[in-house]
Structures are given as C-alpha cells and as structure tokens.
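Below is the file final18.csv, which contains CSV, C-alpha atoms.
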chain,number,residue,atom,x,y,z
A,96,MET,CA,20.4,4.6,-39.5
A,97,SER,CA,21.5,1.0,-40.0
A,98,ARG,CA,25.0,0.2,-39.2
A,99,PRO,CA,27.1,-2.6,-40.8
A,100,ASP,CA,25.8,-6.0,-39.8
A,101,ASP,CA,29.1,-7.8,-40.5
A,102,ARG,CA,30.4,-6.8,-37.1
A,103,ARG,CA,29.4,-6.4,-33.5
A,104,TYR,CA,29.3,-3.5,-31.1
A,105,LEU,CA,29.9,-2.5,-27.5
A,106,LYS,CA,27.5,-0.2,-25.6
A,107,SER,CA,30.5,2.1,-25.2
A,108,HIS,CA,30.4,2.6,-29.0
A,109,GLU,CA,33.3,0.5,-30.3
A,110,TRP,CA,32.9,-1.9,-33.2
A,111,CYS,CA,34.6,-5.2,-33.8
A,112,LYS,CA,34.8,-7.2,-37.0
A,113,ASN,CA,36.2,-10.6,-36.4
A,114,GLU,CA,37.5,-12.5,-39.4
A,115,ASP,CA,39.3,-15.8,-39.0
A,116,GLY,CA,40.5,-14.9,-35.5
A,117,THR,CA,41.6,-11.4,-36.3
A,118,ALA,CA,39.4,-8.6,-35.0
A,119,SER,CA,39.5,-5.1,-36.6
A,120,ILE,CA,38.4,-2.5,-34.0
A,121,GLY,CA,37.2,1.0,-34.3
A,122,ILE,CA,34.6,3.5,-33.0
A,123,THR,CA,31.2,4.1,-34.5
A,124,ASP,CA,29.9,7.1,-36.4
A,125,HIS,CA,27.7,7.8,-33.3
A,126,ALA,CA,30.7,8.0,-31.0
A,127,VAL,CA,32.5,10.3,-33.5
A,128,ALA,CA,29.5,12.6,-33.7
A,129,ASN,CA,29.1,12.8,-29.9
A,130,LEU,CA,32.8,13.5,-29.3
A,131,SER,CA,32.8,16.4,-31.7
A,132,ASP,CA,36.1,17.7,-33.1
A,133,LEU,CA,38.9,15.2,-32.6
A,134,VAL,CA,42.4,16.5,-32.0
A,135,PHE,CA,44.4,13.6,-30.6
A,136,LEU,CA,44.3,9.8,-30.7
A,137,ASP,CA,46.5,7.6,-28.6
A,138,LEU,CA,46.6,3.9,-29.7
A,139,PRO,CA,48.6,0.9,-28.3
A,140,SER,CA,51.7,-0.4,-30.0
A,141,VAL,CA,52.0,-3.7,-31.9
A,142,GLY,CA,52.7,-6.5,-29.6
A,143,SER,CA,50.8,-5.1,-26.6
A,144,ALA,CA,47.9,-7.0,-25.0
A,145,VAL,CA,44.4,-5.7,-24.8
A,146,THR,CA,41.6,-7.0,-22.5
A,147,ALA,CA,37.9,-7.2,-23.3
A,148,GLY,CA,36.0,-4.4,-21.6
A,149,GLU,CA,39.2,-2.4,-20.6
A,150,SER,CA,40.7,0.7,-22.2
A,151,PHE,CA,43.0,0.2,-25.2
A,152,GLY,CA,43.5,3.9,-26.0
A,153,GLU,CA,42.3,7.4,-25.6
A,154,VAL,CA,40.9,10.1,-27.8
A,155,GLU,CA,40.8,13.9,-27.2
A,156,SER,CA,38.1,16.0,-28.7
A,157,VAL,CA,37.0,19.5,-27.6
A,158,LYS,CA,39.2,19.4,-24.5
A,159,ALA,CA,37.5,16.1,-23.6
A,160,VAL,CA,39.4,12.9,-23.2
A,161,SER,CA,37.6,9.6,-23.5
A,162,ASP,CA,38.7,6.0,-23.1
A,163,LEU,CA,38.4,3.5,-25.9
A,164,TYR,CA,37.3,0.1,-24.8
A,165,SER,CA,38.3,-3.2,-26.3
A,166,PRO,CA,35.6,-5.6,-27.5
A,167,VAL,CA,38.1,-8.5,-27.4
A,168,SER,CA,41.1,-9.8,-25.5
A,169,GLY,CA,44.3,-10.6,-27.4
A,170,GLU,CA,47.5,-9.3,-28.9
A,171,VAL,CA,47.6,-6.2,-31.0
A,172,ILE,CA,49.1,-7.3,-34.4
A,173,GLU,CA,48.5,-4.1,-36.4
A,174,VAL,CA,47.8,-0.4,-35.7
A,175,ASN,CA,46.4,2.2,-38.1
A,176,GLU,CA,49.5,4.4,-37.8
A,177,ALA,CA,48.1,6.9,-40.3
A,178,LEU,CA,44.9,7.6,-38.3
A,179,PRO,CA,46.2,9.9,-35.6
A,180,ASP,CA,47.4,12.3,-38.3
A,181,SER,CA,44.2,12.1,-40.3
A,182,LEU,CA,41.4,12.1,-37.7
A,183,ASP,CA,39.0,13.5,-40.3
A,184,THR,CA,38.9,9.9,-41.6
A,185,LEU,CA,36.8,9.0,-38.5
A,186,GLY,CA,34.2,11.5,-39.6
A,187,THR,CA,34.0,10.2,-43.1
A,188,ASP,CA,34.6,6.5,-42.8
A,189,ALA,CA,34.4,5.3,-39.2
A,190,PHE,CA,33.6,1.7,-40.3
A,191,GLY,CA,36.3,1.4,-42.9
A,192,ALA,CA,39.5,3.5,-43.2
A,193,GLY,CA,38.9,4.6,-39.6
A,194,TRP,CA,39.8,1.2,-38.1
A,195,MET,CA,42.2,1.6,-35.2
A,196,ILE,CA,43.8,-1.7,-34.3
A,197,LYS,CA,43.8,-5.3,-35.4
A,198,VAL,CA,43.9,-7.9,-32.6
A,199,LYS,CA,44.7,-11.7,-32.7
A,200,VAL,CA,41.6,-12.7,-30.7
A,201,GLU,CA,41.9,-14.9,-27.6
A,202,SER,CA,38.4,-14.2,-26.3
A,203,GLU,CA,35.5,-11.8,-27.0
A,204,SER,CA,33.5,-9.6,-24.6
A,205,PRO,CA,30.2,-11.3,-23.6
A,206,ASP,CA,28.6,-7.9,-24.0
A,207,LEU,CA,28.8,-7.6,-27.8
A,208,LEU,CA,25.6,-6.4,-29.6
A,209,ASP,CA,24.6,-7.1,-33.1
A,210,ALA,CA,24.0,-4.1,-35.4
A,211,SER,CA,20.2,-4.2,-34.9
A,212,ALA,CA,20.5,-4.1,-31.1
A,213,TYR,CA,23.2,-1.4,-31.3
A,214,ASP,CA,21.0,0.7,-33.6
A,215,LYS,CA,18.1,0.4,-31.1
A,216,MET,CA,20.3,1.4,-28.2
A,217,VAL,CA,21.6,4.5,-30.0
A,218,GLU,CA,18.0,5.4,-31.1
A,219,ALA,CA,16.9,5.2,-27.5
A,220,GLU,CA,19.8,7.4,-26.4
A,221,GLY,CA,18.3,10.1,-28.6
B,61,MET,CA,19.7,16.2,-6.6
B,62,LEU,CA,23.0,17.9,-7.1
B,63,THR,CA,25.4,17.3,-4.2
B,64,HIS,CA,27.5,20.4,-3.3
B,65,ALA,CA,30.7,19.0,-1.8
B,66,PRO,CA,32.7,21.0,0.7
B,67,PHE,CA,35.5,23.4,-0.5
B,68,GLN,CA,39.0,21.9,-0.3
B,69,GLU,CA,42.5,23.4,-0.5
B,70,SER,CA,45.6,21.3,-1.1
B,71,SER,CA,48.2,20.3,-3.7
B,72,ALA,CA,47.3,20.0,-7.3
B,73,GLU,CA,48.1,16.3,-7.2
B,74,THR,CA,45.8,15.7,-4.3
B,75,GLU,CA,42.9,17.8,-5.7
B,76,LEU,CA,43.2,16.2,-9.2
B,77,ALA,CA,43.1,12.8,-7.5
B,78,PHE,CA,40.0,13.8,-5.6
B,79,ASP,CA,38.3,14.8,-8.9
B,80,GLN,CA,39.1,11.3,-10.1
B,81,THR,CA,37.4,9.8,-7.1
B,82,LEU,CA,34.3,11.9,-8.0
B,83,LEU,CA,34.4,10.5,-11.5
B,84,ASP,CA,34.9,6.9,-10.3
B,85,GLY,CA,32.2,7.4,-7.6
B,86,ALA,CA,28.5,6.9,-7.6
B,87,GLU,CA,27.0,10.3,-6.9
B,88,PRO,CA,24.5,11.1,-9.6
B,89,ALA,CA,25.8,14.6,-9.8
B,90,VAL,CA,28.3,16.4,-7.6
B,91,PHE,CA,29.8,19.9,-7.7
B,92,ARG,CA,32.7,21.4,-5.8
B,93,THR,CA,35.1,24.3,-5.7
B,94,TYR,CA,38.7,24.0,-4.6
B,95,ARG,CA,42.0,25.7,-4.6
B,96,PHE,CA,45.5,24.4,-5.5
B,97,THR,CA,48.0,25.3,-2.8
B,98,PRO,CA,50.7,26.1,-3.6
B,99,SER,CA,50.1,27.8,-6.9
B,100,SER,CA,50.6,25.1,-9.6
B,101,ILE,CA,50.5,24.4,-13.3
B,102,THR,CA,48.4,21.6,-14.6
B,103,VAL,CA,48.9,20.2,-18.1
B,104,GLY,CA,46.4,18.4,-20.3
B,105,ARG,CA,46.5,14.6,-20.7
B,106,PHE,CA,48.7,14.7,-23.8
B,107,GLN,CA,50.9,17.7,-23.1
B,108,ASP,CA,54.6,17.7,-22.5
B,109,ALA,CA,55.0,18.6,-18.8
B,110,ALA,CA,58.7,19.2,-19.1
B,111,ALA,CA,58.1,22.2,-21.2
B,112,PHE,CA,56.7,24.0,-18.1
B,113,ALA,CA,59.5,23.1,-15.7
B,114,ASP,CA,61.2,26.6,-15.9
B,115,PHE,CA,58.2,28.3,-14.2
B,116,GLY,CA,59.3,27.1,-10.8
B,117,VAL,CA,56.0,25.8,-9.5
B,118,PRO,CA,54.7,22.3,-9.1
B,119,ILE,CA,53.3,20.6,-12.2
B,120,ALA,CA,50.5,18.0,-12.3
B,121,ARG,CA,48.9,16.2,-15.2
B,122,ARG,CA,45.2,16.3,-15.6
B,123,ARG,CA,43.4,13.3,-17.1
B,124,THR,CA,41.3,15.8,-19.0
B,125,GLY,CA,42.2,17.4,-22.3
B,126,GLY,CA,43.1,21.0,-23.3
B,127,GLY,CA,46.1,23.1,-22.7
B,128,ALA,CA,48.2,24.1,-19.6
B,129,ILE,CA,46.7,26.3,-16.8
B,130,TRP,CA,48.7,28.2,-14.2
B,131,HIS,CA,46.3,28.0,-11.2
B,132,HIS,CA,47.4,31.1,-9.4
B,133,ASP,CA,44.5,33.0,-7.8
B,134,GLU,CA,41.3,31.5,-9.0
B,135,CYS,CA,38.1,29.6,-8.3
B,136,THR,CA,38.6,26.1,-9.5
B,137,PHE,CA,35.5,24.0,-10.0
B,138,ALA,CA,34.6,20.4,-10.8
B,139,VAL,CA,31.3,18.8,-11.8
B,140,ALA,CA,31.1,15.0,-12.0
B,141,GLY,CA,28.2,12.6,-12.4
B,142,ASP,CA,26.3,10.3,-14.7
B,143,ALA,CA,26.2,11.2,-18.4
B,144,SER,CA,22.5,10.5,-18.3
B,145,ILE,CA,22.2,13.6,-16.1
B,146,LEU,CA,25.0,15.9,-17.3
B,147,GLY,CA,24.7,15.2,-21.0
B,148,SER,CA,25.2,12.5,-23.6
B,149,SER,CA,27.7,14.4,-25.7
B,150,THR,CA,30.8,16.5,-25.1
B,151,ASP,CA,29.0,19.6,-26.5
B,152,ALA,CA,25.9,19.1,-24.3
B,153,ILE,CA,28.0,18.8,-21.1
B,154,PHE,CA,29.8,22.0,-21.9
B,155,GLU,CA,26.5,23.8,-22.7
B,156,LEU,CA,25.0,22.7,-19.4
B,157,VAL,CA,27.9,23.5,-17.1
B,158,HIS,CA,29.4,26.5,-18.8
B,159,GLY,CA,25.9,27.8,-19.5
B,160,ALA,CA,25.1,27.6,-15.7
B,161,LEU,CA,28.4,29.5,-15.0
B,162,VAL,CA,27.6,32.3,-17.4
B,163,ASP,CA,24.3,32.9,-15.6
B,164,ALA,CA,25.9,32.6,-12.2
B,165,LEU,CA,28.6,35.1,-13.0
B,166,ALA,CA,26.0,37.5,-14.5
B,167,GLU,CA,23.9,37.3,-11.3
B,168,LEU,CA,27.0,38.6,-9.5
B,169,GLY,CA,27.8,41.3,-12.0
B,170,VAL,CA,30.5,39.6,-14.1
B,171,GLN,CA,29.8,39.7,-17.8
B,172,SER,CA,30.8,36.8,-20.0
B,173,ARG,CA,29.5,34.8,-22.9
B,174,MET,CA,30.0,31.2,-24.0
B,175,ILE,CA,31.4,30.8,-27.5
B,176,GLY,CA,28.9,28.7,-29.4
B,177,HIS,CA,29.5,25.6,-31.5
B,178,GLU,CA,30.0,27.9,-34.5
B,179,GLY,CA,33.1,29.2,-32.9
B,180,PRO,CA,36.7,28.2,-33.6
B,181,ALA,CA,37.4,24.5,-33.3
B,182,PRO,CA,40.0,23.5,-30.7
B,183,HIS,CA,43.5,23.5,-32.1
B,184,PRO,CA,45.6,20.4,-32.0
B,185,ARG,CA,47.9,20.3,-29.0
B,186,ALA,CA,51.0,22.3,-29.9
B,187,ALA,CA,54.3,21.0,-28.8
B,188,GLY,CA,56.1,22.9,-26.1
B,189,ILE,CA,54.4,25.7,-24.1
B,190,ASP,CA,50.7,25.7,-25.0
B,191,TRP,CA,48.5,27.6,-22.5
B,192,CYS,CA,44.7,27.0,-22.2
B,193,PHE,CA,44.0,30.7,-21.7
B,194,ALA,CA,46.0,31.9,-24.7
B,195,LYS,CA,43.2,31.0,-27.2
B,196,ALA,CA,39.5,30.8,-26.9
B,197,CYS,CA,37.5,28.2,-28.8
B,198,ARG,CA,34.0,26.8,-28.8
B,199,TYR,CA,32.4,26.4,-25.4
B,200,ASP,CA,35.0,28.6,-23.6
B,201,LEU,CA,33.7,31.6,-21.7
B,202,VAL,CA,35.1,35.0,-22.8
B,203,ALA,CA,35.0,38.4,-21.2
B,204,PRO,CA,33.5,41.4,-23.1
B,205,ASP,CA,37.0,42.3,-24.3
B,206,GLY,CA,37.2,38.9,-26.0
B,207,ARG,CA,39.9,37.4,-23.6
B,208,LYS,CA,39.2,34.0,-22.2
B,209,LEU,CA,37.7,34.1,-18.7
B,210,VAL,CA,37.0,30.4,-18.1
B,211,GLY,CA,38.7,27.3,-19.4
B,212,GLY,CA,37.2,23.9,-18.8
B,213,ALA,CA,38.0,20.3,-19.8
B,214,GLN,CA,36.3,16.9,-19.6
B,215,ARG,CA,37.0,13.3,-19.0
B,216,ARG,CA,34.5,10.6,-20.1
B,217,VAL,CA,34.4,7.0,-19.0
B,218,ARG,CA,31.9,4.5,-20.3
B,219,ARG,CA,32.6,1.6,-18.0
B,220,PRO,CA,31.6,0.4,-15.5
B,221,LYS,CA,29.2,3.3,-15.8
B,222,ASP,CA,28.8,6.1,-18.3
B,223,ARG,CA,30.1,9.1,-16.3
B,224,VAL,CA,31.8,12.4,-16.9
B,225,LEU,CA,34.0,14.9,-15.1
B,226,ILE,CA,34.3,18.5,-16.1
B,227,HIS,CA,36.6,20.8,-14.3
B,228,GLY,CA,37.7,24.3,-14.9
B,229,SER,CA,39.4,27.5,-13.8
B,230,ILE,CA,38.1,31.0,-13.3
B,231,PRO,CA,41.0,33.5,-12.6
B,232,PHE,CA,40.4,36.2,-10.0
B,233,SER,CA,43.7,37.8,-11.1
B,234,ARG,CA,46.2,36.8,-13.7
B,235,ALA,CA,49.1,34.4,-13.1
B,236,PRO,CA,52.6,35.8,-14.0
B,237,GLY,CA,52.9,36.4,-17.7
B,238,GLN,CA,49.3,35.5,-18.5
B,239,ASP,CA,48.3,38.9,-19.9
B,240,PHE,CA,46.3,37.1,-22.6
B,241,SER,CA,43.8,36.0,-20.0
B,242,ALA,CA,40.8,37.8,-18.6
B,243,ALA,CA,40.3,37.9,-14.9
B,244,ILE,CA,37.4,38.6,-12.5
B,245,GLU,CA,39.3,41.6,-11.1
B,246,ASP,CA,38.8,43.4,-14.5
B,247,GLN,CA,35.1,43.7,-13.6
B,248,CYS,CA,34.4,43.2,-9.9
B,249,ASP,CA,35.9,42.9,-6.4
B,250,PRO,CA,37.3,39.4,-6.4
B,251,ALA,CA,36.8,39.0,-2.7
B,252,ARG,CA,33.0,39.3,-3.1
B,253,ILE,CA,32.9,36.9,-6.1
B,254,ARG,CA,35.1,34.4,-4.2
B,255,GLU,CA,32.5,34.3,-1.5
B,256,GLU,CA,29.4,34.3,-3.6
B,257,LEU,CA,30.2,32.4,-6.8
B,258,PRO,CA,30.2,28.8,-5.4
B,259,GLU,CA,26.6,28.9,-4.3
B,260,ALA,CA,25.4,30.9,-7.3
B,261,PHE,CA,27.0,28.4,-9.6
B,262,ALA,CA,25.5,25.4,-7.7
B,263,SER,CA,22.1,27.1,-7.8
B,264,GLN,CA,22.3,27.5,-11.6
B,265,LEU,CA,23.4,23.9,-12.0
B,266,ARG,CA,20.5,22.7,-9.8
B,267,THR,CA,18.1,24.6,-12.0
B,268,ARG,CA,19.4,22.9,-15.1
B,269,ILE,CA,19.8,19.4,-13.8
B,270,GLY,CA,16.6,19.3,-11.8
B,271,PRO,CA,15.8,16.7,-9.3
B,272,THR,CA,17.5,13.4,-10.2
B,273,ASN,CA,16.2,10.0,-9.4
B,274,PRO,CA,19.1,7.7,-8.3
B,275,GLU,CA,16.9,4.7,-8.9
B,276,SER,CA,16.9,5.5,-12.6
B,277,CYS,CA,20.6,6.1,-12.9
Please rewrite the model in this file as structure tokens.
Amino acid sequence: MSRPDDRRYLKSHEWCKNEDGTASIGITDHAVANLSDLVFLDLPSVGSAVTAGESFGEVESVKAVSDLYSPVSGEVIEVNEALPDSLDTLGTDAFGAGWMIKVKVESESPDLLDASAYDKMVEAEG
Amino acid sequence: MLTHAPFQESSAETELAFDQTLLDGAEPAVFRTYRFTPSSITVGRFQDAAAFADFGVPIARRRTGGGAIWHHDECTFAVAGDASILGSSTDAIFELVHGALVDALAELGVQSRMIGHEGPAPHPRAAGIDWCFAKACRYDLVAPDGRKLVGGAQRRVRRPKDRVLIHGSIPFSRAPGQDFSAAIEDQCDPARIREELPEAFASQLRTRIGPTNPESC
C-alpha cells in the first residue's frame, strides 16, 4: 500500500508532517495493525519538550506497552486530547484524525524516510 | 541460539530491573525463570499502585502492560530478545512464547490452551483493583475449567534496536483471595513441575526459535 507522501516516517513507524515549522506526529497504519487492540495511550502535555529519536509517549495494546518515538525535537504546542478516549480512531484514520501531538520544530531526526522508502521497509518486514 | 540464563530469587524491584537489563541488552534471545522473594504484587505500567496498598506486601511497577499480579507461589519467566527472532507483532510474540509454554506444560502433564485471536479483546485498565488473573483474554493460557493459568505481558522498544520483553506468571498455588485463578496444583504435584518446567519450556522455545545468527541481528 502507498502511504501519504506529504509527510515522512521513522523506521519505528511514527509519521511526521511538517508544515511551516509545526510538525503533526502520529503512528502509521502498520504500527496500529502490529500493536493489535489498543487500550491505553499516554501523551505528553502541552509545553513539554520532545527530542528526535527519543520516546514522547507510550501505548498499551494486548498487555504490551510500546514507546512512541519523536521524529523531531521541539516544544509540544498541541495534544490530541480526544484520542486516548477514542483509540478506534487510530484504526480508521491513523494519518488524519489519529494525529497525536503537534510540535514547534527545532530540528528533525536525520533518519526520516520518505513514503516510498517507508513502504519498501514495511514490505520487506513482511 | 537461545540463552538460558540462571534462575534468580530476589525482590520484585530487583528482578524487574533485571528483566529490563535483558531488554536493553544484546542477547539475540534469552530465557530465564525467577522468583520474587518476598511474595509481592506487581502492577501494570498504567495501573494505580496505591489501590493495592492494603494487601500488606511489597508492590512494584512493571514496564509491561496488563493487570496486577500477586506473585505468591509460582514460576515467573521472562523471554527477551530481538523482534526479528521473537516476532514482529504483539500477537506473533505471544503465539511463539505462550505456544511453547502450552506444549511444555502438556509434556509434563498439565493441560492448558491458549485463547486465540478470536477470543475476548483485553479490557481497558479499570481503575482501582484490577487483577490480571480475574479475566482471560486473547493469548492468555487457561486451564480446562476455563480459569486463567498463565498471564503474560510485553514491552517493546524500537530504538536503538527493535527488541521485546515478555514476562509472565504461572501459579503453583493461589495467592490469598485469588480463587478466580487456576493453579498447577489443581492438576499435578507442583514440586515436580517446579523442577522440570524451566528446561521443558526452554526446549520448546529452542524448537520454535531455531538457531539464530547473531551476525544477521
């Protein structure tokens, strides 16, 4: 499947859409499928700092907790407060309404992939 | 090759920290059994530990998910390693490790079955007292009477390397007030299972994992 080419991706399955210095961040449909049933999402608060390549939150699925990694460094300026109470949204619209945080970008991870490269990586994972 | 680490026995805090070192480490795949001494309660990553304060035993927080477990008289196990070996998805990892455990227990005369993916989804963490063994959901192991015999939980990290930890609890007898749980003593002599299960479990894991090539991991 082809994923949106208006954003970039980490190998750890987060996406990042940078518009005028503000990055919307979420996880991909592939991450959601591999995590299975999501039951809990822990996101940072507005005003906190995130660092590229480091954890910005956690998600719990079938008794499995996984870290969420930030594609950028910067300050969290908006959090999708509704998402933890409507985790089904991640299954239906991971690239849209399933956004998690918005960050005022100071720098980006050097490891970001474009959609084509990410698609190939997921395909290779099988 | 699966590394079978030595049995350990110490506080819940110490043993959970050791599990974390296995997750953070470089072994392609490692298995161990251990025991919390003294008897302790562990709570899942997002549970309220204060709700369990009245039980009068030490409480430690896991970095894995799921509900609270009273580790009383049991075999506690952990498997950690590269996701490329243990499985790329949460479901695949449970199927590998819990599948191996079902077969190991059967070898020793303990009947159980793993609830499949069609089973009940995990319930959202309830506030207050929420025990792991009170409700079985997909990928849990249940005894023939339907009560939960094994509870397991996972932690996944993707950086610096894609690795996973799965640890779990197999009660030999029930902790106080845990009548909703199954236990090995319902079916077999716990002393024999205590002695024989670690190697039987390791052997089943080796069969499933096969030889691993560290060069490729």
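Distances from A:Thr117, A:Ser165, A:Ser143, A:Asn175 to chain B were compared using only C-alpha atoms, and the smallest one belongs to A:Ser165.
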Per residue of chain B within 12 Å of chain A, which atom pair is closest and at what distance in Å (one decimal), using all atoms listed in the file, listed by chain and increasing number, as CSV?
residue,atom,partner,partner_atom,distance
B:Val103,CA,A:Lys158,CA,11.6
B:Gly104,CA,A:Lys158,CA,8.4
B:Arg105,CA,A:Val160,CA,7.7
B:Phe106,CA,A:Phe135,CA,8.1
B:Gln107,CA,A:Phe135,CA,10.7
B:Arg122,CA,A:Val160,CA,10.1
B:Arg123,CA,A:Val160,CA,7.3
B:Thr124,CA,A:Val160,CA,5.4
B:Gly125,CA,A:Lys158,CA,4.2
B:Gly126,CA,A:Lys158,CA,4.4
B:Gly127,CA,A:Lys158,CA,8.0
B:Ala128,CA,A:Lys158,CA,11.3
B:Ala143,CA,A:Glu220,CA,10.9
B:Ser144,CA,A:Glu220,CA,9.1
B:Gly147,CA,A:Asn129,CA,10.2
B:Ser148,CA,A:Asn129,CA,7.4
B:Ser149,CA,A:Asn129,CA,4.7
B:Thr150,CA,A:Leu130,CA,5.5
B:Asp151,CA,A:Ser131,CA,7.2
B:Ala152,CA,A:Asn129,CA,9.0
B:Ile153,CA,A:Ala159,CA,10.2
B:Phe154,CA,A:Val157,CA,9.5
B:His177,CA,A:Ser131,CA,9.8
B:Glu178,CA,A:Asp132,CA,12.0
B:Gly179,CA,A:Val157,CA,11.7
B:Pro180,CA,A:Asp132,CA,10.5
B:Ala181,CA,A:Asp132,CA,6.9
B:Pro182,CA,A:Val157,CA,5.9
B:His183,CA,A:Val134,CA,7.1
B:Pro184,CA,A:Val134,CA,5.0
B:Arg185,CA,A:Val134,CA,7.3
B:Ala186,CA,A:Val134,CA,10.6
B:Cys192,CA,A:Lys158,CA,9.7
B:Ala196,CA,A:Val157,CA,11.6
B:Cys197,CA,A:Val157,CA,8.8
B:Arg198,CA,A:Val157,CA,8.0
B:Tyr199,CA,A:Val157,CA,8.6
B:Asp200,CA,A:Val157,CA,10.1
B:Gly211,CA,A:Lys158,CA,9.4
B:Gly212,CA,A:Lys158,CA,7.5
B:Ala213,CA,A:Lys158,CA,4.9
B:Gln214,CA,A:Ala159,CA,4.3
B:Arg215,CA,A:Val160,CA,4.9
B:Arg216,CA,A:Ser161,CA,4.7
B:Val217,CA,A:Asp162,CA,6.0
B:Arg218,CA,A:Ser107,CA,5.6
B:Arg219,CA,A:Ser107,CA,7.5
B:Pro220,CA,A:Gly148,CA,8.9
B:Lys221,CA,A:Ser107,CA,9.6
B:Asp222,CA,A:Ser107,CA,8.2
B:Arg223,CA,A:Ser161,CA,10.4
B:Val224,CA,A:Ser161,CA,9.2
B:Leu225,CA,A:Ala159,CA,9.3
B:Ile226,CA,A:Ala159,CA,8.5
B:His227,CA,A:Ala159,CA,10.5
B:Gly228,CA,A:Lys158,CA,10.9
Exercise. What does the distance between CA of Arg95 in chain B and CA of Glu155 in chain B come to in Å, to one decimal place?
Worked result: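 These two atoms are separated by 23.9 Å.
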For this session: Pick out the residues sitting within 7 Å of Leu265 in chain B, and hand them over as a ChimeraX atom specification; count all atoms listed in the file, and ignore anything fewer than 4 positions along from it in its own chain.
Result: /B:157,160,261,269
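In this model, the gap between CA of Ile172 in chain A and CA of Arg102 in chain A comes to 18.9 Å.
We find CA of Ile101 in chain B and CA of His158 in chain B to be spaced 21.9 Å apart.
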Problem set entry | Counting all atoms listed in the file, the option among B:Leu209, B:Met61, B:Ala120, B:Ile253 closest to Glu73 in chain B |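 Closest to Glu73 in chain B of all the choices is B:Ala120.
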